[in-house]
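Have a look at the structure below before the remarks.
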Amino acid sequence: MSAVKAAPLDPPALAVRFGNAGLSTGFRIEKYGEIEACPLIALTKRTPGPRPRIYLSAGIHGDEPAAPLALMEMLDAGVFDARANWFICPLLNPAGLARGLRENAAGLDLNRDYKDLQAPEIQAHVRWLQRQPNFDVTLSVHEDWESTGYYLYELNPEQRASLAEPMLEAVAKVCAIDHSPLIDGRESKAGILRPVSDPLLRERWPESVYLRAHHTTLTYTVESPSAFPLKQRIAAHRAALETAIALMTASAGQV
Ligand SMILES: [Zn+2]
């Protein structure tokens with residue numbers, strides 16, 4: 001873990017921005033909890049007809065500002081349109097984001113808490129998730145202080161069509177890919193980590209393992225390199241996420 005800290009964000013102000021931008025583009029805004037006077041918010045929008053259900057989350061690590069800011073930009077740009085049914089949790093850890101720290105106010109890494117459910121933030125998030133349907137794909141947005149480029153994790157237990165390569169091809173146009181053979185202690189190939197051991201055996205669950213266990217058969221965790229300029233990291237996230245969305249929705253809306 002790096003001692004370098006990210007510039008803090010203003011989570012209550014960001015929540016208002018997400019709320020206003022969401023309301024003006026047809027989203028329902030749900031407050032599913034509150035931390036330090038900041039609402040925990042989820043944005044949902046359903047479109048009539050068969051549409052893929054796409055879940056996105058950000059801000060679970062408070063020192064990874066490009067993640068919520070990328071979702072904010074995408075919301076402003078109208079990316080979350082009629083192609084899909086959307087489920088978006090953009091600010092999972094307001095206390096961490098307000099301090100520019102990875103953990104919450106009690107020092108817990110929230111992205112290891114989805115089995116034990118010790119943190120109020122994760123208890124509230126899981127209660128919200130339990131009310132949602134299954135998702136066709138989940139996209140969890142992160143940053144990494146140690147990586148030399150962009151990379152992603154894929155959990156794809158049913159061997160569905162992978163989105164990983166096209167996502168990274170799109171990212172490569174705006175940001176270097178981390179080609180290290182070992183990232184975060186795990187084997188990596190051209191920026192793609194596909195953990196081989198059964199994640200259900202893991203003792204401490206990140207969000208992606210919870211989602212795989214209860215909500216989806218296709219999860220991505222995308223990681224931008226924190227050492228790069230913020231604008232570039234946001235652009236890289238947009239390239240990855242918008243490519244995944246385009247592929248998932250390729251047949252939607254073609255009446
Ligand atoms: Zn993270």
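We name chains A, B, ... following the order of the structure tokens; residues begin at 1 in each chain, and ligands are numbered from 1 as shown.
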
Next item on the list: List all protein, DNA and RNA residues that have any atom at most 12 Å from ligand 1, counting only C-alpha atoms and all ligand atoms, and write the list as JSON, numbers by chain.
Entry: {"A": [1, 57, 58, 59, 60, 61, 62, 63, 64, 65, 66, 67, 68, 92, 93, 96, 97, 101, 102, 103, 109, 110, 111, 112, 140, 141, 142, 143, 144, 145, 146, 147, 152, 153, 184, 206, 207, 208, 221, 222, 223, 224, 225, 226]}

Check: Among segment 17-207 of chain A, which residues carry a DSSP assignment of helix (DSSP H, G or I), reported as a PyMOL selection string?
Finding: chain A and resi 17-23+66-76+94-99+110-112+120-130+164-172+199-201+207

Item checked: Among listed residues A:Val137, A:Leu69, A:Ile192, A:Ile122, nearest Phe87 of chain A (using only C-alpha atoms) -> A:Val137

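For the residues A:Asn85, A:Gln123, A:Ser188, A:Thr243, ranking by smallest atom-to-atom distance to Glu154 of chain A using only C-alpha atoms places A:Ser188 first.
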
Counting only C-alpha atoms, which residues in segment 33-82 of chain A sit no more than 10 Å from segment 15-23 of chain A? For each one, give the nearest pair of atoms and the distance in Å, sorted by chain then residue number, as a tab-separated table.
```
residue	atom	partner	partner_atom	distance
A:Cys38	CA	A:Ala15	CA	7.4
A:Pro39	CA	A:Ala15	CA	7.0
A:Leu40	CA	A:Ala15	CA	8.0
A:Ile41	CA	A:Ala15	CA	7.2
A:Ala42	CA	A:Gly19	CA	9.1
A:Leu43	CA	A:Gly22	CA	6.9
A:Thr44	CA	A:Gly22	CA	8.7
A:Lys45	CA	A:Gly22	CA	9.1
A:Pro68	CA	A:Phe18	CA	9.7
A:Leu71	CA	A:Phe18	CA	9.0
A:Met72	CA	A:Phe18	CA	6.6
A:Glu73	CA	A:Phe18	CA	9.9
A:Leu75	CA	A:Ala21	CA	6.8
A:Asp76	CA	A:Ala21	CA	6.5
A:Ala77	CA	A:Ala21	CA	9.9
A:Gly78	CA	A:Ala21	CA	9.6
A:Phe80	CA	A:Gly22	CA	9.5
```

Using the selection just defined, write its residues with N, CA and C atoms as a tab-separated table (two decimals), in the first residue's frame.
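As a result, part-v6.tsv now contains:
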```tsv
chain	number	residue	atom	x	y	z
A	38	CYS	N	-23.31	12.10	4.15
A	38	CYS	CA	-23.34	11.90	2.69
A	38	CYS	C	-24.27	10.73	2.38
A	39	PRO	N	-25.26	10.93	1.51
A	39	PRO	CA	-26.12	9.80	1.18
A	39	PRO	C	-25.36	8.74	0.38
A	40	LEU	N	-25.66	7.47	0.68
A	40	LEU	CA	-25.21	6.38	-0.19
A	40	LEU	C	-26.27	6.27	-1.27
A	41	ILE	N	-25.87	6.46	-2.53
A	41	ILE	CA	-26.88	6.55	-3.58
A	41	ILE	C	-26.71	5.47	-4.64
A	42	ALA	N	-27.87	5.07	-5.19
A	42	ALA	CA	-27.90	4.17	-6.35
A	42	ALA	C	-28.78	4.81	-7.40
A	43	LEU	N	-28.32	4.77	-8.64
A	43	LEU	CA	-29.09	5.28	-9.76
A	43	LEU	C	-29.57	4.10	-10.59
A	44	THR	N	-30.88	4.03	-10.81
A	44	THR	CA	-31.38	2.93	-11.64
A	44	THR	C	-32.29	3.49	-12.73
A	45	LYS	N	-32.27	2.80	-13.87
A	45	LYS	CA	-33.13	3.22	-14.99
A	45	LYS	C	-33.47	1.98	-15.81
A	68	PRO	N	-15.11	7.31	-9.61
A	68	PRO	CA	-16.40	8.01	-9.63
A	68	PRO	C	-16.45	9.13	-10.66
A	71	LEU	N	-17.51	7.83	-14.04
A	71	LEU	CA	-18.96	7.58	-14.12
A	71	LEU	C	-19.73	8.89	-14.23
A	72	MET	N	-19.26	9.93	-13.52
A	72	MET	CA	-19.91	11.24	-13.60
A	72	MET	C	-19.86	11.77	-15.03
A	73	GLU	N	-18.67	11.69	-15.63
A	73	GLU	CA	-18.52	12.14	-17.03
A	73	GLU	C	-19.43	11.37	-17.98
A	75	LEU	N	-22.21	9.85	-17.25
A	75	LEU	CA	-23.60	10.25	-17.01
A	75	LEU	C	-23.89	11.57	-17.73
A	76	ASP	N	-22.98	12.54	-17.58
A	76	ASP	CA	-23.15	13.84	-18.25
A	76	ASP	C	-23.16	13.69	-19.77
A	77	ALA	N	-22.38	12.73	-20.27
A	77	ALA	CA	-22.27	12.56	-21.73
A	77	ALA	C	-23.42	11.75	-22.33
A	78	GLY	N	-24.32	11.26	-21.49
A	78	GLY	CA	-25.46	10.51	-22.02
A	78	GLY	C	-25.14	9.08	-22.41
A	80	PHE	N	-25.40	6.48	-20.56
A	80	PHE	CA	-26.37	5.54	-19.96
A	80	PHE	C	-27.75	5.81	-20.56
```

Next item on the list: Run DSSP on the backbone of this structure and report the residues of segment 2-219 of chain A it assigns to strand (DSSP E), as an MDAnalysis selection string.
Entry: chainID A and resid 28:35 38:45 53:58 85:89 137:144 151:155 182:183 186:187 192:193 219

Next item on the list: Write out as a PyMOL selection string each polymer residue whose atoms come within 12 Å of Gln232 of chain A, counting only C-alpha atoms; drop sequence neighbours fewer than 3 positions from it.
Entry: chain A and resi 66-67+69-70+149-150+171-176+224-229+235-239

Print the selection's residues with all heavy atoms to a file, as a short mmCIF file (atom, residue, chain, number, x, y, z; two decimals), in the first residue's frame.
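Output (part-v5.cif):
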```
data_model
loop_
_atom_site.label_atom_id
_atom_site.label_comp_id
_atom_site.auth_asym_id
_atom_site.auth_seq_id
_atom_site.Cartn_x
_atom_site.Cartn_y
_atom_site.Cartn_z
N ALA A 66 -10.44 8.75 -9.94
CA ALA A 66 -10.83 8.65 -11.36
C ALA A 66 -12.04 7.76 -11.55
O ALA A 66 -12.75 7.89 -12.56
CB ALA A 66 -9.66 8.14 -12.21
N ALA A 67 -12.30 6.86 -10.59
CA ALA A 67 -13.41 5.91 -10.77
C ALA A 67 -14.77 6.62 -10.72
O ALA A 67 -15.53 6.57 -11.71
CB ALA A 67 -13.28 4.80 -9.73
N LEU A 69 -15.31 9.79 -10.89
CA LEU A 69 -15.32 10.91 -11.84
C LEU A 69 -15.57 10.42 -13.27
O LEU A 69 -16.22 11.11 -14.07
CB LEU A 69 -14.00 11.69 -11.75
CG LEU A 69 -13.78 12.40 -10.40
CD1 LEU A 69 -12.41 13.08 -10.37
CD2 LEU A 69 -14.89 13.42 -10.12
N ALA A 70 -15.10 9.21 -13.60
CA ALA A 70 -15.38 8.66 -14.93
C ALA A 70 -16.88 8.39 -15.08
O ALA A 70 -17.48 8.70 -16.12
CB ALA A 70 -14.58 7.37 -15.14
N GLY A 149 0.44 0.66 -15.81
CA GLY A 149 -0.52 0.87 -16.90
C GLY A 149 -1.88 0.33 -16.49
O GLY A 149 -2.08 -0.10 -15.35
N TYR A 150 -2.79 0.35 -17.44
CA TYR A 150 -4.17 -0.09 -17.19
C TYR A 150 -4.24 -1.61 -17.21
O TYR A 150 -3.52 -2.28 -17.96
CB TYR A 150 -5.06 0.46 -18.30
CG TYR A 150 -6.53 0.59 -17.94
CD1 TYR A 150 -7.02 1.77 -17.41
CD2 TYR A 150 -7.42 -0.46 -18.16
CE1 TYR A 150 -8.36 1.91 -17.08
CE2 TYR A 150 -8.77 -0.33 -17.84
CZ TYR A 150 -9.24 0.86 -17.31
OH TYR A 150 -10.56 0.99 -16.99
N VAL A 171 -8.72 0.91 -24.60
CA VAL A 171 -7.92 1.67 -23.63
C VAL A 171 -6.55 2.01 -24.21
O VAL A 171 -6.04 3.12 -24.02
CB VAL A 171 -7.75 0.87 -22.32
CG1 VAL A 171 -6.74 1.56 -21.39
CG2 VAL A 171 -9.09 0.70 -21.61
N ALA A 172 -5.95 1.07 -24.93
CA ALA A 172 -4.57 1.25 -25.43
C ALA A 172 -4.44 2.49 -26.32
O ALA A 172 -3.33 3.02 -26.47
CB ALA A 172 -4.13 0.00 -26.19
N LYS A 173 -5.53 2.96 -26.88
CA LYS A 173 -5.47 4.16 -27.71
C LYS A 173 -5.28 5.42 -26.88
O LYS A 173 -4.88 6.46 -27.40
CB LYS A 173 -6.75 4.29 -28.54
CG LYS A 173 -6.88 3.18 -29.58
CD LYS A 173 -8.16 3.31 -30.39
CE LYS A 173 -8.25 2.15 -31.37
NZ LYS A 173 -9.60 1.58 -31.44
N VAL A 174 -5.60 5.34 -25.57
CA VAL A 174 -5.48 6.55 -24.73
C VAL A 174 -4.56 6.37 -23.53
O VAL A 174 -4.21 7.34 -22.86
CB VAL A 174 -6.86 7.02 -24.22
CG1 VAL A 174 -7.72 7.50 -25.39
CG2 VAL A 174 -7.58 5.92 -23.45
N CYS A 175 -4.14 5.12 -23.25
CA CYS A 175 -3.37 4.87 -22.01
C CYS A 175 -2.58 3.57 -22.18
O CYS A 175 -3.08 2.61 -22.78
CB CYS A 175 -4.35 4.74 -20.84
SG CYS A 175 -3.59 4.40 -19.24
N ALA A 176 -1.37 3.55 -21.61
CA ALA A 176 -0.57 2.33 -21.66
C ALA A 176 -1.26 1.20 -20.91
O ALA A 176 -1.96 1.43 -19.92
CB ALA A 176 0.81 2.58 -21.05
N SER A 224 -7.13 1.65 -13.29
CA SER A 224 -6.28 2.63 -13.99
C SER A 224 -5.05 2.91 -13.13
O SER A 224 -5.10 2.79 -11.91
CB SER A 224 -7.06 3.92 -14.28
OG SER A 224 -7.50 4.52 -13.07
N PRO A 225 -3.95 3.32 -13.77
CA PRO A 225 -2.70 3.57 -13.01
C PRO A 225 -2.70 4.95 -12.37
O PRO A 225 -2.70 5.97 -13.05
CB PRO A 225 -1.62 3.46 -14.10
CG PRO A 225 -2.33 3.83 -15.38
CD PRO A 225 -3.77 3.45 -15.22
N SER A 226 -2.68 4.97 -11.02
CA SER A 226 -2.82 6.23 -10.27
C SER A 226 -1.72 7.23 -10.57
O SER A 226 -1.91 8.44 -10.37
CB SER A 226 -2.82 5.93 -8.77
OG SER A 226 -3.91 5.11 -8.43
N ALA A 227 -0.55 6.76 -11.02
CA ALA A 227 0.56 7.68 -11.28
C ALA A 227 0.34 8.50 -12.54
O ALA A 227 1.03 9.49 -12.76
CB ALA A 227 1.87 6.87 -11.40
N PHE A 228 -0.61 8.11 -13.38
CA PHE A 228 -0.86 8.84 -14.62
C PHE A 228 -1.75 10.06 -14.33
O PHE A 228 -2.43 10.11 -13.32
CB PHE A 228 -1.56 7.92 -15.64
CG PHE A 228 -0.66 6.87 -16.26
CD1 PHE A 228 0.32 6.22 -15.53
CD2 PHE A 228 -0.83 6.51 -17.60
CE1 PHE A 228 1.13 5.24 -16.10
CE2 PHE A 228 -0.03 5.53 -18.18
CZ PHE A 228 0.95 4.91 -17.44
N PRO A 229 -1.78 11.04 -15.26
CA PRO A 229 -2.64 12.22 -15.04
C PRO A 229 -4.12 11.83 -14.92
O PRO A 229 -4.58 10.90 -15.59
CB PRO A 229 -2.41 13.06 -16.29
CG PRO A 229 -1.10 12.60 -16.84
CD PRO A 229 -0.99 11.15 -16.49
N ALA A 235 -10.22 9.09 -19.03
CA ALA A 235 -10.40 8.72 -20.45
C ALA A 235 -10.21 7.21 -20.62
O ALA A 235 -10.94 6.57 -21.40
CB ALA A 235 -9.41 9.49 -21.32
N ALA A 236 -9.25 6.64 -19.92
CA ALA A 236 -9.00 5.19 -20.03
C ALA A 236 -10.20 4.41 -19.50
O ALA A 236 -10.64 3.43 -20.12
CB ALA A 236 -7.73 4.83 -19.26
N HIS A 237 -10.73 4.84 -18.35
CA HIS A 237 -11.92 4.15 -17.82
C HIS A 237 -13.09 4.26 -18.79
O HIS A 237 -13.80 3.28 -19.03
CB HIS A 237 -12.32 4.75 -16.47
CG HIS A 237 -11.54 4.21 -15.31
ND1 HIS A 237 -11.22 2.86 -15.20
CD2 HIS A 237 -11.04 4.80 -14.21
CE1 HIS A 237 -10.55 2.67 -14.08
NE2 HIS A 237 -10.41 3.83 -13.47
N ARG A 238 -13.26 5.44 -19.35
CA ARG A 238 -14.38 5.60 -20.29
C ARG A 238 -14.20 4.67 -21.48
O ARG A 238 -15.17 4.05 -21.94
CB ARG A 238 -14.48 7.06 -20.75
CG ARG A 238 -15.01 7.98 -19.66
CD ARG A 238 -15.40 9.33 -20.22
NE ARG A 238 -16.45 9.21 -21.25
CZ ARG A 238 -17.06 10.24 -21.82
NH1 ARG A 238 -16.70 11.47 -21.47
NH2 ARG A 238 -17.99 10.07 -22.74
N ALA A 239 -12.99 4.56 -21.99
CA ALA A 239 -12.75 3.68 -23.14
C ALA A 239 -13.11 2.24 -22.79
O ALA A 239 -13.80 1.54 -23.56
CB ALA A 239 -11.29 3.79 -23.58
#
```

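Here atom CA of Asp116 of chain A is placed at a distance of 25.4 Å from atom CA of Pro11 of chain A.
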
Next item on the list: Just the residues within 12 Å of Arg131 of chain A, please, counting only C-alpha atoms, with nothing from its chain fewer than 5 positions along; format it as a list in words.
Entry: Glu30, Tyr32, Ala42, Phe87, Ala124, His125, Val126, His214 and His215 of chain A

Check: Do you have the atom CA of Tyr220 of chain A-atom CA of Arg53 of chain A distance handy?
Finding: 14.3 Å

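Minimum atom-to-atom distance to Ala161 of chain A, evaluated using only C-alpha atoms, belongs to A:Thr219 out of A:Tyr210, A:Pro181, A:Thr148, A:Thr219.
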
Next item on the list: Measure the distance from atom CA of Phe27 of chain A to atom CA of Trp86 of chain A in Å and round it to one decimal.
Entry: 8.6 Å

Check: Can you tell me, as a list in words, what residues are no more than 9 Å from Ala244 of chain A when counting only C-alpha atoms, ignoring any on the same chain fewer than 2 positions away?
Finding: Val137, Leu139, Leu163, Ala164, Pro166, Met167, Ala239, Ala240, Leu241, Glu242, Ala246, Leu247, Met248 and Thr249 of chain A
